[in-house]
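Text of query.cif, listed as mmCIF, C-alpha atoms and all ligand atoms:
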```
data_final
loop_
_atom_site.label_atom_id
_atom_site.label_comp_id
_atom_site.auth_asym_id
_atom_site.auth_seq_id
_atom_site.Cartn_x
_atom_site.Cartn_y
_atom_site.Cartn_z
CA MET A 1025 -17.69 15.90 18.11
CA THR A 1026 -15.10 14.03 20.21
CA SER A 1027 -17.40 13.55 23.22
CA ASP A 1028 -20.02 11.81 21.10
CA LYS A 1029 -19.80 8.12 22.05
CA ARG A 1030 -21.44 7.15 18.76
CA VAL A 1031 -18.41 8.42 16.86
CA THR A 1032 -15.50 6.09 16.27
CA GLY A 1033 -12.57 8.45 16.70
CA TRP A 1034 -9.43 8.04 14.61
CA GLY A 1035 -6.01 9.37 15.53
CA LEU A 1036 -3.48 10.02 12.82
CA ILE A 1037 0.10 9.04 13.63
CA GLY A 1038 1.95 11.20 11.11
CA ALA A 1039 1.01 14.59 9.69
CA SER A 1040 1.64 13.18 6.23
CA THR A 1041 0.81 13.96 2.63
CA ILE A 1042 -1.17 10.76 2.14
CA ALA A 1043 -3.30 11.59 5.20
CA SER A 1044 -3.94 15.08 3.79
CA GLU A 1045 -4.60 14.06 0.23
CA HIS A 1046 -6.58 10.83 0.65
CA MET A 1047 -7.05 9.32 4.08
CA ILE A 1048 -8.74 12.03 6.16
CA SER A 1049 -11.52 12.31 3.62
CA ALA A 1050 -11.71 8.51 3.27
CA ILE A 1051 -12.18 8.13 7.04
CA ARG A 1052 -14.72 10.94 7.17
CA ALA A 1053 -16.66 9.35 4.31
CA GLN A 1054 -17.57 6.48 6.69
CA SER A 1055 -20.75 6.99 8.64
CA GLY A 1056 -20.00 7.35 12.38
CA HIS A 1057 -16.25 7.84 11.92
CA ASP A 1058 -14.19 10.99 12.38
CA VAL A 1059 -10.56 12.04 12.64
CA VAL A 1060 -10.21 13.51 16.13
CA ALA A 1061 -6.46 13.74 16.74
CA VAL A 1062 -3.10 13.92 15.00
CA VAL A 1063 0.46 13.35 16.20
CA SER A 1064 3.40 15.11 14.63
CA SER A 1065 6.99 15.14 15.86
CA ASN A 1066 6.87 18.88 15.16
CA ALA A 1067 4.31 20.57 17.43
CA GLN A 1068 3.90 23.62 15.21
CA ARG A 1069 3.35 21.60 12.05
CA GLY A 1070 0.97 19.31 13.93
CA GLN A 1071 -1.11 22.31 15.07
CA ALA A 1072 -1.17 23.73 11.57
CA PHE A 1073 -2.16 20.34 10.11
CA ALA A 1074 -4.95 19.97 12.70
CA HIS A 1075 -6.20 23.47 11.92
CA THR A 1076 -6.17 22.91 8.16
CA HIS A 1077 -8.11 19.65 8.44
CA GLY A 1078 -10.48 20.53 11.28
CA VAL A 1079 -8.91 17.93 13.61
CA ALA A 1080 -9.76 18.66 17.26
CA ARG A 1081 -6.41 17.90 18.92
CA ALA A 1082 -2.74 17.85 17.93
CA TYR A 1083 -0.20 15.93 20.02
CA ASP A 1084 3.56 15.95 19.76
CA ASP A 1085 4.05 12.48 21.19
CA VAL A 1086 2.42 9.17 20.35
CA ALA A 1087 1.87 8.06 23.97
CA SER A 1088 -0.28 11.10 24.77
CA MET A 1089 -2.46 10.56 21.74
CA LEU A 1090 -2.84 6.86 22.54
CA ALA A 1091 -4.01 7.83 26.04
CA ASP A 1092 -6.82 9.92 24.52
CA PRO A 1093 -10.09 8.01 25.18
CA ALA A 1094 -11.70 9.58 22.10
CA VAL A 1095 -9.18 7.71 19.90
CA HIS A 1096 -10.41 4.20 19.08
CA ALA A 1097 -8.38 3.51 15.95
CA VAL A 1098 -5.17 4.90 14.52
CA TYR A 1099 -3.88 5.37 11.01
CA VAL A 1100 -0.07 5.19 10.82
CA SER A 1101 1.50 7.09 7.90
CA THR A 1102 4.89 8.20 9.15
CA THR A 1103 8.10 7.30 7.35
CA ASN A 1104 8.55 3.55 7.03
CA ASP A 1105 11.14 3.17 9.80
CA LEU A 1106 8.64 4.34 12.43
CA HIS A 1107 5.71 2.08 11.58
CA CYS A 1108 6.81 -0.87 13.74
CA SER A 1109 7.29 0.91 17.07
CA GLN A 1110 4.14 2.98 16.55
CA VAL A 1111 1.97 -0.03 15.70
CA LEU A 1112 3.33 -1.91 18.73
CA ALA A 1113 2.50 1.08 20.96
CA ALA A 1114 -1.00 1.40 19.47
CA SER A 1115 -1.75 -2.29 19.94
CA ALA A 1116 -0.51 -2.14 23.56
CA ALA A 1117 -2.97 0.73 24.07
CA GLY A 1118 -5.79 -1.41 22.64
CA LYS A 1119 -6.27 0.65 19.46
CA HIS A 1120 -7.08 -0.85 16.08
CA VAL A 1121 -4.43 0.07 13.49
CA LEU A 1122 -4.53 0.74 9.79
CA CYS A 1123 -0.85 0.99 8.84
CA GLU A 1124 0.76 2.22 5.67
CA LYS A 1125 2.91 0.00 3.51
CA PRO A 1126 5.55 -1.22 3.85
CA LEU A 1127 4.54 -2.44 7.31
CA ALA A 1128 8.17 -2.23 8.46
CA LEU A 1129 11.75 -2.38 7.19
CA LYS A 1130 12.31 -5.96 8.35
CA VAL A 1131 10.05 -8.98 8.01
CA ALA A 1132 10.73 -9.92 11.65
CA ASP A 1133 9.31 -6.55 12.72
CA ALA A 1134 6.21 -6.95 10.53
CA LEU A 1135 5.64 -10.42 11.99
CA ALA A 1136 5.97 -8.98 15.51
CA MET A 1137 3.39 -6.30 14.65
CA ASN A 1138 0.99 -8.97 13.40
CA THR A 1139 1.46 -11.06 16.55
CA ALA A 1140 1.14 -8.08 18.91
CA CYS A 1141 -2.13 -6.93 17.33
CA ARG A 1142 -3.56 -10.44 17.31
CA ASN A 1143 -2.64 -10.94 20.98
CA ALA A 1144 -4.12 -7.54 21.89
CA GLY A 1145 -7.35 -8.37 20.06
CA VAL A 1146 -7.06 -5.36 17.76
CA VAL A 1147 -7.32 -5.30 13.97
CA LEU A 1148 -4.17 -4.56 11.95
CA GLY A 1149 -4.65 -3.70 8.28
CA THR A 1150 -2.16 -2.74 5.56
CA ASN A 1151 -3.10 0.19 3.34
CA HIS A 1152 -2.49 -1.46 -0.02
CA HIS A 1153 -5.00 0.65 -1.94
CA LEU A 1154 -4.76 -0.96 -5.38
CA ARG A 1155 -6.70 -4.09 -4.47
CA ASN A 1156 -9.64 -1.76 -3.80
CA ALA A 1157 -9.68 -0.50 -7.39
CA ALA A 1158 -12.65 -1.56 -9.51
CA THR A 1159 -10.18 -2.39 -12.30
CA HIS A 1160 -8.06 -4.79 -10.24
CA ARG A 1161 -11.14 -6.40 -8.69
CA CYS A 1162 -12.47 -6.96 -12.20
CA ILE A 1163 -9.14 -8.41 -13.42
CA ARG A 1164 -9.05 -10.76 -10.42
CA GLU A 1165 -12.58 -11.97 -11.18
CA LEU A 1166 -11.68 -12.58 -14.82
CA VAL A 1167 -8.50 -14.48 -13.96
CA GLN A 1168 -10.03 -16.54 -11.18
CA GLY A 1169 -13.18 -17.16 -13.22
CA GLY A 1170 -11.08 -18.78 -15.96
CA ALA A 1171 -11.51 -16.08 -18.66
CA ILE A 1172 -7.91 -16.50 -19.87
CA GLY A 1173 -7.41 -20.14 -18.90
CA ARG A 1174 -4.26 -20.95 -16.98
CA PRO A 1175 -2.34 -17.71 -16.25
CA LEU A 1176 1.25 -17.87 -17.49
CA PHE A 1177 2.75 -14.37 -17.36
CA ALA A 1178 2.09 -10.97 -15.81
CA ARG A 1179 3.62 -7.59 -16.57
CA VAL A 1180 3.33 -4.53 -14.33
CA PHE A 1181 4.06 -1.06 -15.70
CA HIS A 1182 4.49 1.21 -12.70
CA ALA A 1183 7.26 3.60 -13.73
CA VAL A 1184 6.06 7.07 -12.73
CA TYR A 1185 7.43 10.49 -11.85
CA LEU A 1186 7.65 11.18 -8.12
CA PRO A 1187 5.93 14.56 -7.74
CA PRO A 1188 8.11 17.42 -6.44
CA HIS A 1189 6.30 17.63 -3.07
CA LEU A 1190 7.22 13.98 -2.38
CA GLN A 1191 10.87 14.29 -3.41
CA GLY A 1192 12.17 13.97 0.17
CA TRP A 1193 13.04 10.95 2.34
CA ARG A 1194 12.15 8.43 -0.40
CA LEU A 1195 15.22 9.61 -2.33
CA ASP A 1196 17.93 10.20 0.26
CA LYS A 1197 17.07 8.44 3.53
CA PRO A 1198 17.83 4.73 3.46
CA GLU A 1199 17.34 4.67 7.24
CA ALA A 1200 13.74 5.92 6.78
CA GLY A 1201 13.00 3.12 4.29
CA GLY A 1202 13.40 5.13 1.07
CA GLY A 1203 13.84 3.74 -2.44
CA VAL A 1204 11.47 2.69 -5.17
CA ILE A 1205 11.25 -0.99 -4.17
CA LEU A 1206 9.81 -0.37 -0.70
CA ASP A 1207 7.63 2.38 -2.14
CA ILE A 1208 6.21 0.98 -5.38
CA THR A 1209 7.29 -2.65 -5.90
CA VAL A 1210 5.59 -3.55 -2.63
CA HIS A 1211 2.25 -2.41 -4.14
CA ASP A 1212 2.85 -4.41 -7.35
CA VAL A 1213 3.44 -7.52 -5.28
CA ASP A 1214 0.23 -7.07 -3.33
CA THR A 1215 -1.76 -6.44 -6.50
CA LEU A 1216 -0.37 -9.52 -8.24
CA ARG A 1217 -0.98 -11.74 -5.19
CA TYR A 1218 -4.54 -10.42 -5.08
CA ILE A 1219 -5.24 -10.94 -8.77
CA LEU A 1220 -3.51 -14.31 -9.15
CA GLY A 1221 -4.43 -15.81 -5.78
CA ALA A 1222 -0.86 -17.12 -5.72
CA GLU A 1223 2.31 -16.49 -3.72
CA PRO A 1224 5.66 -15.26 -5.04
CA VAL A 1225 8.44 -17.75 -4.37
CA GLU A 1226 11.53 -16.38 -6.14
CA ALA A 1227 12.88 -12.97 -7.23
CA VAL A 1228 15.58 -11.62 -9.55
CA GLY A 1229 16.18 -8.00 -10.53
CA LEU A 1230 18.36 -5.07 -11.41
CA THR A 1231 18.10 -1.53 -10.05
CA GLN A 1232 19.00 1.88 -11.35
CA SER A 1233 20.06 5.06 -9.50
CA THR A 1234 20.01 7.92 -11.96
CA THR A 1235 18.50 11.38 -11.73
CA MET A 1236 16.85 11.35 -8.32
CA ALA A 1237 17.96 8.84 -5.69
CA ARG A 1238 21.08 9.30 -3.58
CA GLU A 1239 22.80 7.61 -0.65
CA GLY A 1240 22.74 4.18 -2.25
CA LEU A 1241 18.98 4.20 -2.85
CA GLU A 1242 17.44 3.10 -6.14
CA ASP A 1243 15.02 5.19 -8.26
CA GLY A 1244 14.24 2.48 -10.81
CA VAL A 1245 13.97 -1.29 -10.87
CA MET A 1246 13.14 -4.10 -13.25
CA ALA A 1247 12.42 -7.35 -11.47
CA VAL A 1248 10.96 -10.76 -12.24
CA LEU A 1249 9.01 -12.84 -9.74
CA ARG A 1250 8.11 -16.51 -9.99
CA PHE A 1251 4.80 -17.42 -8.34
CA ASP A 1252 3.90 -20.78 -6.82
CA ASN A 1253 1.39 -21.40 -9.65
CA GLY A 1254 4.21 -21.07 -12.20
CA VAL A 1255 3.40 -17.51 -13.34
CA LEU A 1256 6.39 -15.29 -14.17
CA ALA A 1257 5.73 -11.61 -13.44
CA GLN A 1258 7.81 -8.76 -14.79
CA LEU A 1259 7.77 -5.51 -12.78
CA HIS A 1260 8.99 -2.09 -13.94
CA ASP A 1261 8.91 0.57 -11.22
CA ALA A 1262 10.49 4.01 -11.18
CA PHE A 1263 10.34 7.51 -9.71
CA THR A 1264 12.02 9.10 -12.72
CA VAL A 1265 9.75 8.51 -15.73
CA LYS A 1266 7.53 11.42 -16.72
CA HIS A 1267 5.66 10.21 -19.76
CA ALA A 1268 5.00 6.48 -19.47
CA ASP A 1269 1.57 4.87 -19.09
CA THR A 1270 0.88 2.63 -16.12
CA GLY A 1271 -0.74 -0.74 -16.53
CA ILE A 1272 -0.94 -4.42 -15.81
CA GLU A 1273 -1.22 -7.37 -18.17
CA ILE A 1274 -2.07 -10.96 -17.36
CA HIS A 1275 -1.42 -13.44 -20.15
CA GLY A 1276 -2.96 -16.90 -20.04
CA GLU A 1277 -3.27 -20.03 -22.17
CA LYS A 1278 -6.57 -18.86 -23.68
CA GLY A 1279 -6.44 -15.10 -23.47
CA SER A 1280 -4.90 -11.90 -22.19
CA ILE A 1281 -6.17 -9.16 -19.89
CA VAL A 1282 -4.87 -5.64 -20.33
CA GLY A 1283 -5.41 -3.05 -17.60
CA ARG A 1284 -4.54 0.45 -18.82
CA ASN A 1285 -3.82 3.37 -16.47
CA VAL A 1286 -4.60 1.20 -13.48
CA MET A 1287 -1.51 1.53 -11.23
CA THR A 1288 -2.77 4.75 -9.71
CA GLN A 1289 -4.39 6.26 -6.64
CA GLN A 1290 -7.31 7.55 -8.71
CA PRO A 1291 -10.52 5.63 -9.55
CA VAL A 1292 -9.72 5.47 -13.27
CA GLY A 1293 -8.45 3.08 -15.92
CA GLU A 1294 -9.83 0.48 -18.29
CA VAL A 1295 -9.82 -3.28 -18.64
CA LEU A 1296 -9.70 -5.19 -21.93
CA LEU A 1297 -10.11 -8.93 -22.45
CA ARG A 1298 -8.56 -10.51 -25.55
CA THR A 1299 -9.45 -14.07 -26.53
CA ALA A 1300 -10.12 -16.03 -29.72
CA ALA A 1301 -13.45 -14.15 -29.79
CA GLY A 1302 -11.63 -10.82 -30.19
CA GLU A 1303 -11.04 -7.82 -27.94
CA GLN A 1304 -13.74 -6.86 -25.49
CA PRO A 1305 -13.73 -3.85 -23.15
CA ILE A 1306 -14.97 -4.87 -19.70
CA ALA A 1307 -17.17 -2.32 -17.92
CA VAL A 1308 -16.12 -1.37 -14.40
CA GLU A 1309 -17.80 0.93 -11.91
CA HIS A 1310 -15.06 3.12 -10.45
CA THR A 1311 -15.19 4.07 -6.77
CA ASN A 1312 -12.69 5.78 -4.45
CA LEU A 1313 -9.96 3.24 -3.59
CA TYR A 1314 -9.15 4.62 -0.15
CA GLU A 1315 -12.78 4.94 0.94
CA ARG A 1316 -13.38 1.33 0.00
CA GLY A 1317 -10.30 0.22 1.96
CA VAL A 1318 -11.29 2.19 5.05
CA ALA A 1319 -14.86 0.83 4.81
CA ALA A 1320 -13.53 -2.75 4.95
CA PHE A 1321 -11.33 -1.79 7.90
CA CYS A 1322 -14.32 -0.28 9.73
CA ASP A 1323 -16.30 -3.49 9.15
CA ALA A 1324 -13.37 -5.51 10.51
CA MET A 1325 -13.27 -3.32 13.63
CA ARG A 1326 -16.94 -4.23 14.15
CA GLY A 1327 -16.02 -7.90 13.82
CA GLU A 1328 -17.35 -8.22 10.28
CA GLY A 1329 -14.82 -9.59 7.80
CA SER A 1330 -11.18 -8.62 7.37
CA PRO A 1331 -9.36 -5.50 6.22
CA ALA A 1332 -8.99 -5.33 2.42
CA ALA A 1333 -5.29 -6.11 2.92
CA THR A 1334 -4.55 -7.83 6.21
CA ALA A 1335 -1.40 -7.77 8.31
CA GLU A 1336 -0.48 -11.10 6.71
CA ASP A 1337 -0.79 -9.47 3.28
CA GLY A 1338 1.52 -6.70 4.50
CA VAL A 1339 4.08 -9.22 5.76
CA ARG A 1340 4.01 -11.05 2.43
CA SER A 1341 4.39 -7.92 0.27
CA LEU A 1342 7.26 -6.72 2.48
CA ALA A 1343 9.01 -10.11 2.39
CA THR A 1344 8.83 -10.10 -1.40
CA ALA A 1345 10.03 -6.50 -1.70
CA ILE A 1346 12.99 -7.33 0.54
CA ALA A 1347 13.72 -10.37 -1.60
CA VAL A 1348 13.80 -8.06 -4.65
CA VAL A 1349 16.21 -5.72 -2.83
CA ASP A 1350 18.44 -8.68 -1.91
CA ALA A 1351 18.27 -10.13 -5.42
CA CYS A 1352 19.28 -6.81 -6.96
CA ARG A 1353 22.16 -6.34 -4.51
CA SER A 1354 23.49 -9.88 -4.81
CA GLY A 1355 22.85 -10.39 -8.52
CA THR A 1356 21.36 -13.79 -7.75
CA ALA A 1357 17.91 -15.33 -7.52
CA VAL A 1358 16.48 -15.05 -4.00
CA ARG A 1359 13.92 -17.48 -2.58
CA ILE A 1360 10.95 -15.88 -0.80
CA PRO A 1361 10.10 -17.68 2.44
CA ASN A 1362 6.47 -18.47 3.25
CA PHE A 1363 6.03 -17.22 6.79
CA PHE A 1364 2.48 -18.55 7.05
CA ALA A 1365 2.88 -22.09 5.69
P1 LIG B 1 5.29 12.46 3.94
O1 LIG B 1 6.71 12.77 3.67
O2 LIG B 1 4.26 13.42 3.51
O3 LIG B 1 5.07 12.21 5.51
C1 LIG B 1 5.93 11.36 6.26
C2 LIG B 1 6.37 12.09 7.52
O4 LIG B 1 7.17 13.20 7.14
C3 LIG B 1 5.20 12.67 8.30
O5 LIG B 1 4.77 11.75 9.27
C4 LIG B 1 5.76 13.95 8.90
O6 LIG B 1 6.31 13.74 10.19
C5 LIG B 1 6.92 14.30 7.98
N1 LIG B 1 6.53 15.47 7.17
C6 LIG B 1 5.44 15.61 6.39
N2 LIG B 1 5.42 16.82 5.80
C7 LIG B 1 6.53 17.46 6.24
C8 LIG B 1 7.08 18.74 6.02
N3 LIG B 1 6.47 19.62 5.22
N4 LIG B 1 8.23 19.06 6.64
C9 LIG B 1 8.85 18.18 7.44
N5 LIG B 1 8.37 16.94 7.69
C10 LIG B 1 7.23 16.59 7.10
O7 LIG B 1 5.06 11.00 3.37
P2 LIG B 1 3.87 10.33 2.56
O8 LIG B 1 2.56 10.81 3.01
O9 LIG B 1 4.15 10.39 1.14
O10 LIG B 1 4.07 8.80 3.04
C11 LIG B 1 3.84 8.42 4.37
C12 LIG B 1 3.63 6.91 4.43
O11 LIG B 1 2.52 6.55 3.63
C13 LIG B 1 4.78 6.07 3.94
O12 LIG B 1 4.86 4.89 4.70
C14 LIG B 1 4.41 5.72 2.51
O13 LIG B 1 4.98 4.52 2.07
C15 LIG B 1 2.91 5.60 2.63
N6 LIG B 1 2.17 5.95 1.41
C16 LIG B 1 1.17 5.11 0.98
C17 LIG B 1 0.43 5.39 -0.11
C18 LIG B 1 -0.71 4.49 -0.48
O14 LIG B 1 -1.37 4.75 -1.47
N7 LIG B 1 -0.97 3.44 0.25
C19 LIG B 1 0.68 6.59 -0.92
C20 LIG B 1 1.70 7.45 -0.36
C21 LIG B 1 2.41 7.12 0.77
P3 LIG B 1 5.46 14.10 11.50
O15 LIG B 1 4.34 13.15 11.51
O16 LIG B 1 6.40 13.91 12.62
O17 LIG B 1 4.99 15.50 11.31
#
```

With the file now loaded, output its structure as C-alpha cells.
Amino acid sequence: MTSDKRVTGWGLIGASTIASEHMISAIRAQSGHDVVAVVSSNAQRGQAFAHTHGVARAYDDVASMLADPAVHAVYVSTTNDLHCSQVLAASAAGKHVLCEKPLALKVADALAMNTACRNAGVVLGTNHHLRNAATHRCIRELVQGGAIGRPLFARVFHAVYLPPHLQGWRLDKPEAGGGVILDITVHDVDTLRYILGAEPVEAVGLTQSTTMAREGLEDGVMAVLRFDNGVLAQLHDAFTVKHADTGIEIHGEKGSIVGRNVMTQQPVGEVLLRTAAGEQPIAVEHTNLYERGVAAFCDAMRGEGSPAATAEDGVRSLATAIAVVDACRSGTAVRIPNFFA
C-alpha cells in the first residue's frame, strides 16, 4: 500500500474524532489516495487509532511523520492551538496541508501559515465543510442568480448540543482554542461569505456561559455582522441547546430563501424559495460534504483549481470570529480588517 508510487499518501496530524468519524473515509473515497500514517502525542492511543482504521504507521512526533516519504499530504485536526506550528512544519517539509478550522488562534499566525505554504509551493486548504453542502451551494446560486433581488438580511440558526464525546477541551481549555465562537461561529462566517459573495466588516455580540463552558469560555453567543454589501446577519450559536432546529435564511428585496436543517455535517436539509409567486421547494442532490471538500483539495494538489475553502478563506473566517470575541468582551462594535485588500 505505502510503497505504491501511484498512491498519494496522507498523514493525519491528530488522532481526532473528526478524522475517525468523517475524514479518513473522505480521503479513502478519492481514487489513488490513502491514509498511510497518523501522529498522536500519545503513542499508545496513536497505535490503537492506527489499528482501528487500518493505517500503516503511527508516529508520536510530527517531525518523524513529516520525514516519511510515503506522506505527500497532511490533514491537521489537533486542538486549535497546535494548528499553526504543525502547518508551518508540514509546509517546511514540502507537504500539502488540509487544516481544520479555525486555522489558528491569532490572525497573524493564520497569515503566516498562508505565506509559508505559498512560499513552499504547497496547497493549504481550510476544512470548512458547509460550503460543500448541496443545500448551501444551491442557496448561493439562488442568491447570486438574483432569485431574491438585493439581499438585505441573513439569519443563521446553529445552536446545537455538543455531544458527550466532544465535551472536552472545547469547554474548559481557553489555551487550546475552546469556546463556541471559534468552534461554530467560524463556520457560520464562512458559509455566509460563500453564499453572499461579500465580506463581513463589523461585528457586535453577546455571549453566554451557562451549563457547559468553564474557565471564562462561552457556550452560547448571539452576534450580528454587517457585510460590505450592506447585509446584516444574525448568528445564534450554542453547545447547550438540545431541541432546536438548525437553519439559514437569506431575506432579499424580492424574496426569501429558507434552508432547514442545513447547519450540519450530514448531507441533509431542504431549501425553500419564497417570492411573490409563492413558496417553492428547490430540489438538491445531496452528497457527502467532506468527500466533496477532499476531492477539491486533491484537484488543487494536482494543480487544478483551489481547495473548496482556501487559506485566505480560513484567515477571513478566523478574523471575523476573533472580531466577534472582541465585540462580546468589549461590548462595542468591532471593525473587521480586510487583510487581502
Ligand atoms: P478531538 O478532541 O477528538 O481531538 C483533538 C485532539 O485531542 C487529538 O488530536 C488528540 O490528540 C486528542 N484526543 C482525541 N481523543 C482523545 C482521547 N480519547 N483522550 C485524550 N486525547 C484525545 O477533537 P475534534 O476531532 O472534535 O476536533 C479536532 C479539530 O477539528 C479542531 O480543530 C476542530 O475545530 C476541528 N473540527 C472540525 C469539524 C469540521 O466539520 N470541519 C468538525 C469537528 C472538529 P493526539 O493527536 O495527540 O492524540

Near ligand LIG 1 (chain B), 7 Å: chain A residue rows, closest pairs, only C-alpha atoms and all ligand atoms, as a tab-separated table:
```
residue	atom	partner	partner_atom	distance
A:Ile1037	CA	B:LIG1	O15	6.3
A:Gly1038	CA	B:LIG1	O15	3.1
A:Ala1039	CA	B:LIG1	O15	4.1
A:Ser1040	CA	B:LIG1	O3	3.6
A:Thr1041	CA	B:LIG1	O2	3.6
A:Ile1042	CA	B:LIG1	O8	3.8
A:Ala1043	CA	B:LIG1	O8	6.3
A:Val1063	CA	B:LIG1	O15	6.1
A:Ser1064	CA	B:LIG1	O17	3.7
A:Ser1065	CA	B:LIG1	O16	3.5
A:Asn1066	CA	B:LIG1	O17	5.5
A:Arg1069	CA	B:LIG1	O17	6.4
A:Gly1070	CA	B:LIG1	O17	6.1
A:Ser1101	CA	B:LIG1	C12	4.1
A:Thr1102	CA	B:LIG1	O5	3.6
A:Thr1103	CA	B:LIG1	C1	4.7
A:Asn1104	CA	B:LIG1	O12	4.6
A:Glu1124	CA	B:LIG1	O12	5.0
A:Lys1125	CA	B:LIG1	O13	5.2
A:Pro1126	CA	B:LIG1	O13	6.0
A:Asn1151	CA	B:LIG1	N7	5.0
A:His1152	CA	B:LIG1	N7	5.1
A:His1153	CA	B:LIG1	N7	5.4
A:Leu1190	CA	B:LIG1	O9	5.9
A:Gly1192	CA	B:LIG1	O1	6.6
A:Trp1193	CA	B:LIG1	O1	6.7
A:Asp1207	CA	B:LIG1	O13	5.4
A:Gln1289	CA	B:LIG1	O14	6.2
```

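Atom CA of Pro1198 of chain A is found 23.0 Å from atom CA of Tyr1099 of chain A.
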
- Task: For Ala1178 of chain A, work out the shell of residues within 9 Å, counting all atoms listed in the file and skipping chain neighbours fewer than 4 positions away, then give it as a list in words.
- Result: Leu1216, Val1255, Leu1256, Ala1257, Gln1258, Leu1259, Ile1272, Glu1273, Ile1274, His1275 and Gly1276 of chain A

- Task: Would you please work out which residue, of A:Thr1150, A:Thr1159, A:Thr1288, A:Thr1311, is nearest to Ala1183 of chain A when using all atoms listed in the file?
- Result: A:Thr1288

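Taking all atoms listed in the file into account, Ala1117 of chain A lies nearest to A:His1096 out of the set A:Arg1340, A:Arg1359, A:His1096, A:Arg1298.
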
Please identify every residue of segment 1146-1189 of chain A that has at least one atom no farther than 10 Å from an atom of segment 1219-1223 of chain A, counting only C-alpha atoms, and for each give the shortest atom pair and the distance in Å to one decimal, arranged by chain then increasing number, as CSV.
```
residue,atom,partner,partner_atom,distance
A:Arg1155,CA,A:Ile1219,CA,8.2
A:His1160,CA,A:Ile1219,CA,6.9
A:Arg1161,CA,A:Ile1219,CA,7.4
A:Cys1162,CA,A:Ile1219,CA,8.9
A:Ile1163,CA,A:Ile1219,CA,6.6
A:Arg1164,CA,A:Ile1219,CA,4.2
A:Glu1165,CA,A:Ile1219,CA,7.8
A:Leu1166,CA,A:Ile1219,CA,9.0
A:Val1167,CA,A:Leu1220,CA,6.9
A:Gln1168,CA,A:Leu1220,CA,7.2
A:Pro1175,CA,A:Leu1220,CA,8.0
A:Ala1178,CA,A:Leu1220,CA,9.3
```

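Closest approach to His1077 of chain A among A:Arg1353, A:Ala1061, A:Arg1238, A:Asn1253 is made by A:Ala1061 (distances from all atoms listed in the file).
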
- Task: Give as a ChimeraX atom specification every residue, naming chains and numbers as the document does, that has an atom within 10 Å of (3.5, -13.2, -2.9), counting all atoms listed in the file.
- Result: /A:1210,1212-1218,1220-1226,1249-1252,1337,1339-1345,1360-1362

Output the selection as a short mmCIF file (atom, residue, chain, number, x, y, z; two decimals), in the frame of the given file - C-alpha atoms for each residue.
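What landed in result-v1.cif:
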```
data_model
loop_
_atom_site.label_atom_id
_atom_site.label_comp_id
_atom_site.auth_asym_id
_atom_site.auth_seq_id
_atom_site.Cartn_x
_atom_site.Cartn_y
_atom_site.Cartn_z
CA VAL A 1210 5.59 -3.55 -2.63
CA ASP A 1212 2.85 -4.41 -7.35
CA VAL A 1213 3.44 -7.52 -5.28
CA ASP A 1214 0.23 -7.07 -3.33
CA THR A 1215 -1.76 -6.44 -6.50
CA LEU A 1216 -0.37 -9.52 -8.24
CA ARG A 1217 -0.98 -11.74 -5.19
CA TYR A 1218 -4.54 -10.42 -5.08
CA LEU A 1220 -3.51 -14.31 -9.15
CA GLY A 1221 -4.43 -15.81 -5.78
CA ALA A 1222 -0.86 -17.12 -5.72
CA GLU A 1223 2.31 -16.49 -3.72
CA PRO A 1224 5.66 -15.26 -5.04
CA VAL A 1225 8.44 -17.75 -4.37
CA GLU A 1226 11.53 -16.38 -6.14
CA LEU A 1249 9.01 -12.84 -9.74
CA ARG A 1250 8.11 -16.51 -9.99
CA PHE A 1251 4.80 -17.42 -8.34
CA ASP A 1252 3.90 -20.78 -6.82
CA ASP A 1337 -0.79 -9.47 3.28
CA VAL A 1339 4.08 -9.22 5.76
CA ARG A 1340 4.01 -11.05 2.43
CA SER A 1341 4.39 -7.92 0.27
CA LEU A 1342 7.26 -6.72 2.48
CA ALA A 1343 9.01 -10.11 2.39
CA THR A 1344 8.83 -10.10 -1.40
CA ALA A 1345 10.03 -6.50 -1.70
CA ILE A 1360 10.95 -15.88 -0.80
CA PRO A 1361 10.10 -17.68 2.44
CA ASN A 1362 6.47 -18.47 3.25
#
```

- Item | Within 9 Å of Ala1114 of chain A using all atoms listed in the file, minus same-chain residues under 6 positions, as a PyMOL selection string | chain A and resi 1086-1087+1090+1097-1098+1120-1121+1141

- Query: Counting all atoms listed in the file, which of A:Gly1302, A:Gly1033, A:Pro1187, A:Gly1244 gets nearest to Gln1232 of chain A?
  - Reply: A:Gly1244

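In this model, the gap between atom CA of Ala1144 of chain A and atom CA of Ala1113 of chain A comes to 10.9 Å.
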
- Query: Any idea what the distance is between atom CA of Gly1279 of chain A and atom CA of Glu1294 of chain A?
  - Reply: 16.8 Å

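Each of A:Gly1254, A:Gly1355, A:Gly1271, A:Gly1203 was compared to Leu1154 of chain A using all atoms listed in the file, and A:Gly1271 turns out to be the nearest.
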
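Proximity to Met1137 of chain A at 7 Å, evaluated using only C-alpha atoms and with sequence-adjacent residues fewer than 2 positions away removed, yields A:Cys1108, A:Val1111, A:Leu1112, A:Asp1133, A:Ala1134, A:Leu1135, A:Thr1139, A:Ala1140, A:Cys1141.
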
- Item | Pick from A:Tyr1314, A:Val1184, A:Ala1307, A:Ile1172, whichever lies nearest to Val1265 of chain A using all atoms listed in the file | A:Val1184

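Every protein, DNA or RNA residue with an atom at most 6 Å from Ala1351 of chain A, where only C-alpha atoms count and chain neighbours fewer than 6 positions away do not, is listed here: Val1228, Gly1229, Ala1357 and Val1358 of chain A.
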